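Structure record follows, encoded as structure tokens.
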Amino acid sequence: VRGNLFQLPLRPGDFDVVLCLGVLHHTADPRQGLSSLARLLRPGGLMLVGLYNRYGRLIHHLRQRRAAGNGPPGDQDLLKTRLKGQLPDESQRSDSAGLDSWYHDQYLHPHELTVSLAELGGWFSEAGLAPLGCFPERKLFGGDPASRNWAREAGRPLTGWSALAVQLKWILTLRGAGGYFIQAGRLAGNKKGGSGH
């Protein structure tokens, strides 16, 4: 179904899981977009949201400025060659169409916003979502991403010094991912029915 994120042609409360990865930060109002998607969840439903972090994206913003200084897109082959190692998918690195698509998304996208952990925590709270797991983990030290259970790693929105410290760490640890992080949340209320949708 194709539709407007802010006026979705889907029934509220009809989904157990909503995935929104790499979308909200390219809209004019990511807060309202998240709220619109949360309305689709059944009580107890799970949402995964992928966004650019305000701090984790800082090094990437410097790369974007460098890209903008290399002339029109047709003259940027040298920069693309240097950036091949950043591509998340090995197959894209050897595919010129994949590289070109990734490059335009990361370096020439006309609209991009970033969000802090505290800001996203506020949006979750307004939408009735309790924060669960986050990738990377919202910890300064330790943690094994491979062993995470997204549905059980409950937590509160990070604010203040805790959020700042984690995000300052992300400046370095998320530079290869362009500052991208994923936050899970669960809609308040208990699952009903257990129909296995």
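Letters A, B, ... go to the chains of the structure tokens in the order shown; residues in each chain start at 1; ligands are counted from 1 in the same order.
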Surrounding residues of Gln167 of chain A excluding itself and chain neighbours under 5 positions, 10 Å, only C-alpha atoms, as JSON, numbers by chain:
{"A": [53, 54, 55, 56, 57, 116, 117, 138, 139, 140, 161, 162, 172, 173, 174, 179]}
Please provide the set of residues having any atom within 9 Å of Gly178 of chain A, restricted to only C-alpha atoms, with same-chain residues fewer than 6 positions apart removed, written as a compact mmCIF listing (two decimals) with N, CA and C atoms, in the first residue's frame.
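The resulting file, part_39.txt, is shown below:
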```
# COMPACT_ATOMS: atom_id res chain seq x y z
N TYR A 52 19.11 9.24 12.28
CA TYR A 52 20.45 9.80 12.42
C TYR A 52 20.53 10.49 13.77
N ASN A 53 21.58 10.16 14.53
CA ASN A 53 21.78 10.80 15.82
C ASN A 53 22.50 12.13 15.64
N GLY A 56 26.20 11.52 16.71
CA GLY A 56 26.82 10.49 15.91
C GLY A 56 27.00 10.87 14.45
N ARG A 57 26.23 11.84 14.00
CA ARG A 57 26.27 12.27 12.59
C ARG A 57 27.31 13.37 12.35
N LEU A 58 27.94 13.89 13.41
CA LEU A 58 28.84 15.04 13.26
C LEU A 58 29.98 14.79 12.28
N ILE A 59 30.67 13.67 12.39
CA ILE A 59 31.78 13.39 11.48
C ILE A 59 31.27 13.24 10.05
N HIS A 60 30.08 12.65 9.92
CA HIS A 60 29.51 12.52 8.58
C HIS A 60 29.18 13.88 7.98
N HIS A 61 28.74 14.82 8.80
CA HIS A 61 28.47 16.18 8.30
C HIS A 61 29.74 16.81 7.74
N GLN A 86 33.08 2.50 3.21
CA GLN A 86 32.04 2.82 4.19
C GLN A 86 30.72 2.11 3.91
N GLN A 106 23.47 9.48 1.04
CA GLN A 106 24.28 9.92 2.17
C GLN A 106 24.86 11.32 2.01
```
Out of A:Arg2, A:His25, A:Arg63, A:Arg11, which residue has the shortest atom-to-atom distance to His111 of chain A when counting only C-alpha atoms?
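The answer is A:His25, which sits nearest to His111 of chain A.
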Which is closer to Pro131 of chain A than all the others in A:Leu8, A:Arg66, A:Leu46, A:Leu164, using only C-alpha atoms?
A:Leu46
Under the rule that only C-alpha atoms are counted, which of A:Leu10, A:Ala127, A:Leu113, A:Ala188 is the nearest residue to Leu34 of chain A?
A:Ala127
Out of segment 28-64 of chain A, which residues get alpha helix (DSSP H) from DSSP, as a PyMOL selection string?
chain A and resi 30-38+58-64
Contact residues around Gly13 of chain A with only C-alpha atoms at 6 Å, ignoring same-chain residues under 4 positions, as a VMD selection string
chain A and resid 40 to 42
